[in-house]
Amino acid sequence: MSSLQSLDIKRRSATTLPSTQARETLEVAKLIDVSKCIGCKACQVACSEWNDIRGDIGTNVGVYDNPADLGPKTWTVMRYSEVEEKKGEEMAFEWLIRKDGCMHCAEPGCLKACPSPGAILQYSNGIVDFIEENCIGCGYCVAGCPFNVPRISKQDSKAYKCTLCSDRVAVGLEPACVKTCPTGAITFGSKEDMIDHAAERVVDLKERGYANAGLYNPAGVGGTHVMYVLKHADKPEIYHGLPKDPQISATVGLWKGVMKPLAMLAMGLTALTGFFHYVKVGPNDAEAHPDEPEDGNGPHVIRSSGPGQMEGKGNVNPGEQA
Amino acid sequence: MTNHWVDIKNADVILIMGGNAAEAHPCGFKWVTEAKAHRKARLMVVDPRFTRSAAMADLYAPIRVGSDIAFLGGVINYLISHDKLQMEYIKAHTNAPFIVGEGYSLKDGIFSGYDAEKRKYDPASWGYELDKDGFAKVDPTLENPRCVFQILKQHYARYTPELVSKICGTPVDTFKKVCELAASTATPTRNMTIMYALGWTHHSQGSEIIRTGAILQLLLGNIGVAGGGMNALRGHSNIQGLTDLGLLSTSLPGYLQLPKDSDVKYDDYMTRLTPKPLRPNSTNYWGNYPKFHVSLMKAWYGKAATKENNWAFDYLPRYDSGYDIIKTFDLMYDGKINGYICQGFNPLSSFPDTHKISAALQKLKFLVIIDPLATETSNFWQNHGEHNDVKTEDIKTEVFRLPSTCFAEEEGSLTNSSRWLQWHYKGAEPPGEAKGDPEIIGELFTRIRALYAKEGGVFPEPIRDLTWTYKIPTSPSPEELAQEYNGRALDDIVDPKKKDTILAKKGELLGTFAHLRDDGTTSAGCWVYTGAYTEKGNMMARRDNSDPYGLGQTLNWAFAWPVNRRVLYNRASSDAAGKPWDPKRKLVFWNGEKNVGSDVPDYRPDAAPEEGVGAFILTAEGVARLFAPTGMAEGPLPEHYEPFESPLKVNHLNPGHADAFNNPAARMFKKDRAKLGKPEQFPYAATSYGMTEHFHGWTKHLKGNAIIQPEQFVEVGDELAKEKGIANGDRVKVSSARGHIEAVAVVTKRLRALDCGDTKVHQIGLPNHWGFMGLAKKGFSVNTLSPSVGDANTQTPEYKAFTVNIEKA
Amino acid sequence: MKPLIQRYSDSDRINHWIVAIAFVLAGLSGLAMFHPAFFSLTGLFGGGAWTRTLHPYIGIVMFTAFVSMAKRFWKHNVMVPVDYEWLKLLPDVLTNREDRLPKIGKYNAGQKLLFWMLVVALPTLFVTGLIFWRAWFAEYFPIPVIRLAALLHAVAAATLITGILVHIYAAIWIKWTVGAMIRGSVTHKWAKAHHPLWYREVTGQPATPPGQE
């Protein structure tokens, strides 16, 4: 849903010309401090309550992750990973808990892939939003996303994901998950402030023996507007497969990058070439050569042997054989 | 909690043991993250499972279920043997110098005064040596071999790290790290808080586990100080309020007690419950028992309670024994109870040995359910296949359901773990015919009273004379009830020191329980709550969170009992001379004229340090009890006993002494004892618990909660799972001597096998939220597996330690 | 009246035009989803969501019809040595100097190459299209596979469209060719000029007067 005004739209899917650049708003970010997250799923419930979405009551598949995956009605889920990692000089067992959902990339792969003008917007504050009324349900955003976030509904064939509560942010509120987080593991503010806050947290974590603590704000997608403080920032993949160096896939880059102008060029040039060829050379008209006598008395048709049978043995009209 | 939620942010070290604050108390847990982020606090978690609290911890130590006393006793031993004690605190504020009588002894795990036949102790031999005035003798040097300190030292010297490791299965190295971190708070400027919950109370020796924690804290000088304390995290939003109003079957509101059969006369009762001071200047606050009791009786019976009829003493029932849930359902099972009113309670799901509970309910003639939800208990007669396999046609019990309201549909106060009474307002109208509990009780009471008026009866007075002056008798309002428990002056209350000063005029609401009288001129329905609703208004509704000292005390936020005091025993935050141990975290100190500070002093405001009043005003000693000469059923010092079902065949602390294998003073009925499992058939330790996604069996009725944890599961360590051929997500059957359940297996590294001497102990985790009602997938009651045995003092069932077997279903 | 030679049977022509119409529809709807410049073409199909919904079904029609068409034309499109000679003389082809070209059968090498391009492109479009067909199959494929499928789909489609543009132009350029596919017949002259060997095959007469061969 679009909650912001057109002046706030920085980028629009399937739109070749720039959107309005007049307004500069504060770039916002949500910071998820994984070291403070207790995995209580209050954010999941707050998300479903604020957005009035309820997934199905599923089953237990042998883990705490419930629902087991993101879905059109589940825009955030907690991911739990049991790992053995270095803390100080020793190996220690850890139960890593990560809130998963849209990262609101500065260079959003979904937006790049989307073929429908205005179905995906990036606001000047950094939020990437799906505008379902413009969504055609092709699922290209799924292919475009480096984080495997968008989900297409079986009910209405629309793409869904976290909106970063763009409707709340538009009126000066924090996202619902931030509001509900009991431990302060999720904070929200200007991206700059969040980076500063993360730096403080990293100092604390390093002091506790997590030498590789750091901020996850991957440059490959131009940075994100959802960032993590990780105890093991050198190995984000141990946090249930958080990509180490996420980028818009090269395949998607080709598809939505060079492929588009190249194909346009090829088709355009072909058409033009044909036209100018005709202008220059003109038609090749066999009938215009008067060297062959016309014979026969009517529309004689030489039949080829039969439909689909391409032996090439034609029957000749008796009259013609003369 | 001796302290309060916000105060946790003042801690330097946090020990979570016997609880899982991150999961069960996520909102309160924020103060742990605050302490970590802003005080560089270190968090330790000691738990059988690597919980979500452990995931947040700097140090995690695994422990075998039910071995907490051994663990904590080992820490105490470490502190004493490494001289990591806050000695000045110990001398000033504990009974360490008190000399124990010669009769006291401990032999092979059994204290003096034990009657093996009755399984009961006579605590007479545990008393102090008294001088001619009846005061306890003390040795300030702590050298007397019979002084509490020496007895304590000797007692816990047996709890060596190696023995602890053998009993608890905790690796020695890890155990020592816990000791070292705890010991780091022995200095006056470093404090540790202990956060515990049902993981400590749900044991046959639960009260003693908590006492062990308290002893540990006292030795470190961590009681009564900011960022310290023994902090019981209460589960239900108002379970603290229920406790305050008389949770146990023998309790009266405000921790007063019902008379016993042996209290034949009023004086017997008063003498038994009004202690005498054990030190010359101790405050001995319970010496005021008559004031609290008479005020309660005046609140209940008004003019019918007179000096002549001993304030209606005979209206109170006298008890022969406690009627806890285990006993009540045992009686019901035996057909000795016909009717049961079940208000906000789900016994079929929550009480141990589900099959026994079901059989007992089937013997009732009638069952009244007062609950907002259709619970398992309200539908116990319905067949739900394997999840509730009953023959409906054979059940004759008539069930009445009186739908009640949820918290958001009513106004009133909730008392949280911090002892704060916080007023809240109605957020929505209840659905359908649902009524608030006061209205339901009001309707019942007025009808019963009318029946007595019309038909008379053998003993109608206690019903007939009960004060019931509410404006709408069938629906007492929350304000009226609050004013009633707060109490009023029934006559002008005069200051005993300045006769011309009137403390409270006749008819006024009282501001403090210090104004209560034992002459019938005051009333108070729950004396500890006096001050909650005063002439100044509803103190519970206050919402000013100003914090002038920066310690999070916020004295103008709601009302904390007693008398708005935020940290109990706060005088102990200063030394004997009244000087704060930590100048940066001053709670109460002596300013030369008065005791002042950031909190309401837990002390007489004008008591000068040299008076030697003692910082623990509730005890007759005036100091905290390391050694409890009275009050505990199983001995004055906590001793490790095995749970009633243990995977071990011996108690390594007292091997070869079967009578000290498990709690010698715990009660267990014969037919329940017959249903105890042996390690041969049920080799694995099991523990049941709640998870963050659900609240008991309630939230499975809500879609949001059912989505985030939809189906019953059990947690199995990967090592055991491999041994048993159980894969993640398989269905498994878990059985105990009392029945079996089936659920999905969550195979995890978070439950590790423990080496307990020559036994490798596997532990199985049993989340307890599921049942046959609600929106989540149907499941079994986990209490099908748990045994009917409780703590020797409170009869709280041993849900946290029993034994099971597991196999692929 | 000119005597005519039948070049395509009724079913050949129907088959061809089913493919052709499906191609136009799939092409327009595909282009609409391929480049923002063409998005307004979704209006032809009832909007974006309808375009997305219809496109794959049109594609299935095109593919199925193409399979049948390919079976019909396969044999005549097998490349023979003379085709390579013909290709070498492409400048003559483009300047209408057919007299300098070797004699060819039913199809010239250009037509054959187009045919083989179609044989590669259509199945590619079909298979890749199924992979990222969100409504039915996409959920069964890992995302990297979907990405690759989408790319290949676009490449194949662009190649196809470009090829078909050439095909359409050629049909316009070589006069009376469109008629061959519409009514199925060509004149003797046309056949002799453009496909002399085929002409001989169907008529038994040499395409050129003796002495000129």
# chains A, B, ... in the order shown; residues from 1 in each chain; ligands from 1

$ residues_around --residues "Arg97 in chain C" --least-positions-apart "2" --cutoff "12 Å" --atoms "only C-alpha atoms" --output "list in words"
Val281, Gly282, Pro283, Asn284, Asp285 and Ala286 of chain A; Trp86, Leu89, Leu90, Pro91, Asp92, Val93, Leu94, Thr95, Asp99, Arg100, Leu101, Pro102, Ala193 and His194 of chain C

$ interface_residues --of "chain B" --to "chain A" --cutoff "6 Å" --atoms "only C-alpha atoms" --output "PyMOL selection string"
chain B and resi 22+27+30+52+55+692+707-711+728-729+746

$ closest_atom_pairs --of "chain C" --to "chain A" --cutoff "6 Å" --atoms "only C-alpha atoms" --output "tab-separated table"
residue	atom	partner	partner_atom	distance
C:Met1	CA	A:Gly298	CA	4.5
C:Lys2	CA	A:Pro299	CA	5.8
C:Pro3	CA	A:His300	CA	4.4
C:Leu4	CA	A:Val301	CA	4.5
C:Ile5	CA	A:Ile302	CA	4.2
C:Gln6	CA	A:Arg303	CA	4.9
C:Ser9	CA	A:Pro307	CA	5.0
C:Met33	CA	A:Pro115	CA	5.2
C:Pro36	CA	A:Ala14	CA	5.1
C:Gly48	CA	A:Ile136	CA	5.3
C:Ala49	CA	A:Ile136	CA	4.1
C:Arg72	CA	A:Gly308	CA	5.1
C:Asn96	CA	A:Asn284	CA	5.9
C:Arg134	CA	A:Gly139	CA	6.0
C:Ile143	CA	A:Ala143	CA	5.7
C:Arg147	CA	A:Ala143	CA	5.5
C:Leu151	CA	A:Trp255	CA	4.9
C:Ala158	CA	A:Ala263	CA	5.5
C:Thr162	CA	A:Met267	CA	5.1
C:Trp173	CA	A:Pro283	CA	4.7
C:Ile174	CA	A:Asn284	CA	4.7
C:Lys175	CA	A:Asp285	CA	5.0
C:Lys189	CA	A:Ala286	CA	5.9
C:Trp190	CA	A:Ala286	CA	5.0
C:Ala193	CA	A:Ala286	CA	6.0
C:Glu201	CA	A:Lys313	CA	5.8
C:Val202	CA	A:Gly314	CA	3.7
C:Thr203	CA	A:Val316	CA	5.7

$ write_last_selection --atoms "N, CA and C atoms" --output "compact mmCIF listing (two decimals), in the first residue's frame"
# COMPACT_ATOMS: atom_id res chain seq x y z
N MET C 1 -6.22 -16.41 -66.40
CA MET C 1 -5.85 -16.87 -65.06
C MET C 1 -4.49 -17.58 -65.09
N LYS C 2 -3.75 -17.28 -64.13
CA LYS C 2 -2.45 -17.94 -64.07
C LYS C 2 -2.61 -19.31 -63.44
N PRO C 3 -1.90 -20.29 -63.98
CA PRO C 3 -1.90 -21.58 -63.29
C PRO C 3 -1.10 -21.47 -62.00
N LEU C 4 -1.58 -22.14 -60.99
CA LEU C 4 -0.93 -22.02 -59.68
C LEU C 4 -0.41 -23.36 -59.18
N ILE C 5 0.58 -23.29 -58.40
CA ILE C 5 1.14 -24.51 -57.78
C ILE C 5 0.84 -24.41 -56.28
N GLN C 6 0.35 -25.51 -55.75
CA GLN C 6 0.07 -25.45 -54.30
C GLN C 6 1.36 -25.65 -53.52
N SER C 9 -0.62 -26.89 -47.80
CA SER C 9 -1.97 -27.44 -47.69
C SER C 9 -2.79 -26.58 -46.74
N MET C 33 5.88 -7.20 -20.69
CA MET C 33 6.47 -7.50 -19.38
C MET C 33 8.00 -7.43 -19.41
N PRO C 36 9.72 -1.64 -19.96
CA PRO C 36 8.71 -0.65 -19.57
C PRO C 36 8.13 0.09 -20.77
N GLY C 48 -2.23 -5.46 -16.71
CA GLY C 48 -1.00 -6.17 -16.37
C GLY C 48 -1.23 -7.58 -15.88
N ALA C 49 -2.15 -7.73 -14.94
CA ALA C 49 -2.36 -9.04 -14.35
C ALA C 49 -2.91 -10.03 -15.39
N ARG C 72 5.88 -31.09 -39.71
CA ARG C 72 5.53 -30.96 -41.12
C ARG C 72 6.73 -30.50 -41.95
N ASN C 96 18.74 -8.98 -54.90
CA ASN C 96 17.79 -9.55 -55.84
C ASN C 96 18.46 -10.18 -57.07
N ARG C 134 4.87 -18.62 -12.18
CA ARG C 134 4.61 -18.51 -10.75
C ARG C 134 3.36 -19.26 -10.31
N ILE C 143 15.70 -20.49 -6.60
CA ILE C 143 15.71 -19.16 -7.19
C ILE C 143 16.79 -18.97 -8.26
N ARG C 147 16.12 -17.56 -11.98
CA ARG C 147 16.79 -16.40 -12.59
C ARG C 147 17.35 -16.75 -13.96
N LEU C 151 16.33 -15.30 -17.69
CA LEU C 151 17.29 -14.71 -18.62
C LEU C 151 17.22 -15.43 -19.98
N ALA C 158 13.96 -12.68 -27.58
CA ALA C 158 14.50 -11.60 -28.41
C ALA C 158 15.01 -12.16 -29.73
N THR C 162 13.40 -11.22 -33.31
CA THR C 162 14.26 -10.68 -34.35
C THR C 162 14.18 -11.55 -35.60
N TRP C 173 9.15 -8.73 -48.85
CA TRP C 173 10.18 -8.42 -49.86
C TRP C 173 10.03 -9.35 -51.06
N ILE C 174 9.95 -10.63 -50.80
CA ILE C 174 9.78 -11.59 -51.88
C ILE C 174 8.29 -11.59 -52.20
N LYS C 175 7.95 -10.87 -53.19
CA LYS C 175 6.53 -10.65 -53.47
C LYS C 175 5.78 -11.94 -53.72
N LYS C 189 5.85 -19.02 -62.02
CA LYS C 189 6.98 -18.08 -62.10
C LYS C 189 7.67 -17.93 -60.76
N TRP C 190 6.83 -17.75 -59.77
CA TRP C 190 7.37 -17.54 -58.42
C TRP C 190 8.20 -18.76 -57.99
N ALA C 193 11.39 -19.11 -59.95
CA ALA C 193 12.39 -18.10 -59.60
C ALA C 193 13.02 -18.36 -58.24
N GLU C 201 10.53 -30.52 -58.90
CA GLU C 201 10.00 -31.66 -58.17
C GLU C 201 8.49 -31.75 -58.31
N VAL C 202 7.81 -30.63 -58.15
CA VAL C 202 6.34 -30.69 -58.19
C VAL C 202 5.78 -30.68 -59.60
N THR C 203 6.54 -30.13 -60.54
CA THR C 203 5.98 -30.05 -61.90
C THR C 203 6.64 -31.04 -62.85

$ residues_around --residues "Lys191 in chain A" --least-positions-apart "2" --cutoff "12 Å" --atoms "only C-alpha atoms" --output "PDB file with C-alpha atoms, in the first residue's frame"
ATOM      1  CA  THR A  25      13.859  13.134   3.582  1.00  0.00           C
ATOM      2  CA  LEU A  26      15.720  11.483   6.388  1.00  0.00           C
ATOM      3  CA  GLU A  27      16.982   8.070   5.460  1.00  0.00           C
ATOM      4  CA  VAL A  28      15.648   5.665   8.051  1.00  0.00           C
ATOM      5  CA  ALA A  29      16.780   2.253   9.177  1.00  0.00           C
ATOM      6  CA  LYS A  30      15.754  -0.554  11.462  1.00  0.00           C
ATOM      7  CA  LEU A  31      18.599  -2.020  13.443  1.00  0.00           C
ATOM      8  CA  HIS A 104      14.931  -2.709   2.284  1.00  0.00           C
ATOM      9  CA  ALA A 106      19.324   0.690  -1.232  1.00  0.00           C
ATOM     10  CA  ASN A 125      13.482   7.532   3.285  1.00  0.00           C
ATOM     11  CA  GLY A 126      14.792   4.233   1.967  1.00  0.00           C
ATOM     12  CA  ILE A 127      11.733   2.053   2.448  1.00  0.00           C
ATOM     13  CA  THR A 187      15.532  -0.081  17.166  1.00  0.00           C
ATOM     14  CA  PHE A 188      14.491   2.391  14.529  1.00  0.00           C
ATOM     15  CA  GLY A 189      15.673   5.832  13.559  1.00  0.00           C
ATOM     16  CA  ASP A 193      21.911   7.107  14.200  1.00  0.00           C
ATOM     17  CA  MET A 194      21.411   3.401  13.774  1.00  0.00           C
ATOM     18  CA  ILE A 195      24.943   3.011  12.470  1.00  0.00           C
ATOM     19  CA  ASP A 196      26.219   4.946  15.481  1.00  0.00           C
ATOM     20  CA  HIS A 197      24.172   2.849  17.855  1.00  0.00           C
ATOM     21  CA  ALA A 198      25.442  -0.307  16.203  1.00  0.00           C
ATOM     22  CA  ASN A 217      24.884  -3.389   6.097  1.00  0.00           C
ATOM     23  CA  GLY A 223      23.562  -0.968   2.030  1.00  0.00           C
ATOM     24  CA  THR A 224      20.236  -1.866   3.598  1.00  0.00           C
ATOM     25  CA  HIS A 225      17.608  -0.099   5.637  1.00  0.00           C
ATOM     26  CA  VAL A 226      17.280  -3.108   7.871  1.00  0.00           C
ATOM     27  CA  MET A 227      20.621  -3.830   9.448  1.00  0.00           C
TER      28      MET A 227
END

$ select_by_dssp --residues "chain C" --states "strand (DSSP E or B)" --output "PyMOL selection string"
chain C and resi 4-6+174+185-187

$ write_last_selection --atoms "C-alpha atoms" --output "PDB file, in the first residue's frame"
ATOM      1  CA  LEU C   4      -0.928 -22.017 -59.680  1.00  0.00           C
ATOM      2  CA  ILE C   5       1.139 -24.505 -57.778  1.00  0.00           C
ATOM      3  CA  GLN C   6       0.071 -25.446 -54.297  1.00  0.00           C
ATOM      4  CA  ILE C 174       9.778 -11.589 -51.884  1.00  0.00           C
ATOM      5  CA  SER C 185      -0.511 -21.532 -53.753  1.00  0.00           C
ATOM      6  CA  VAL C 186       2.185 -19.852 -55.777  1.00  0.00           C
ATOM      7  CA  THR C 187       2.578 -19.110 -59.421  1.00  0.00           C
TER       8      THR C 187
END
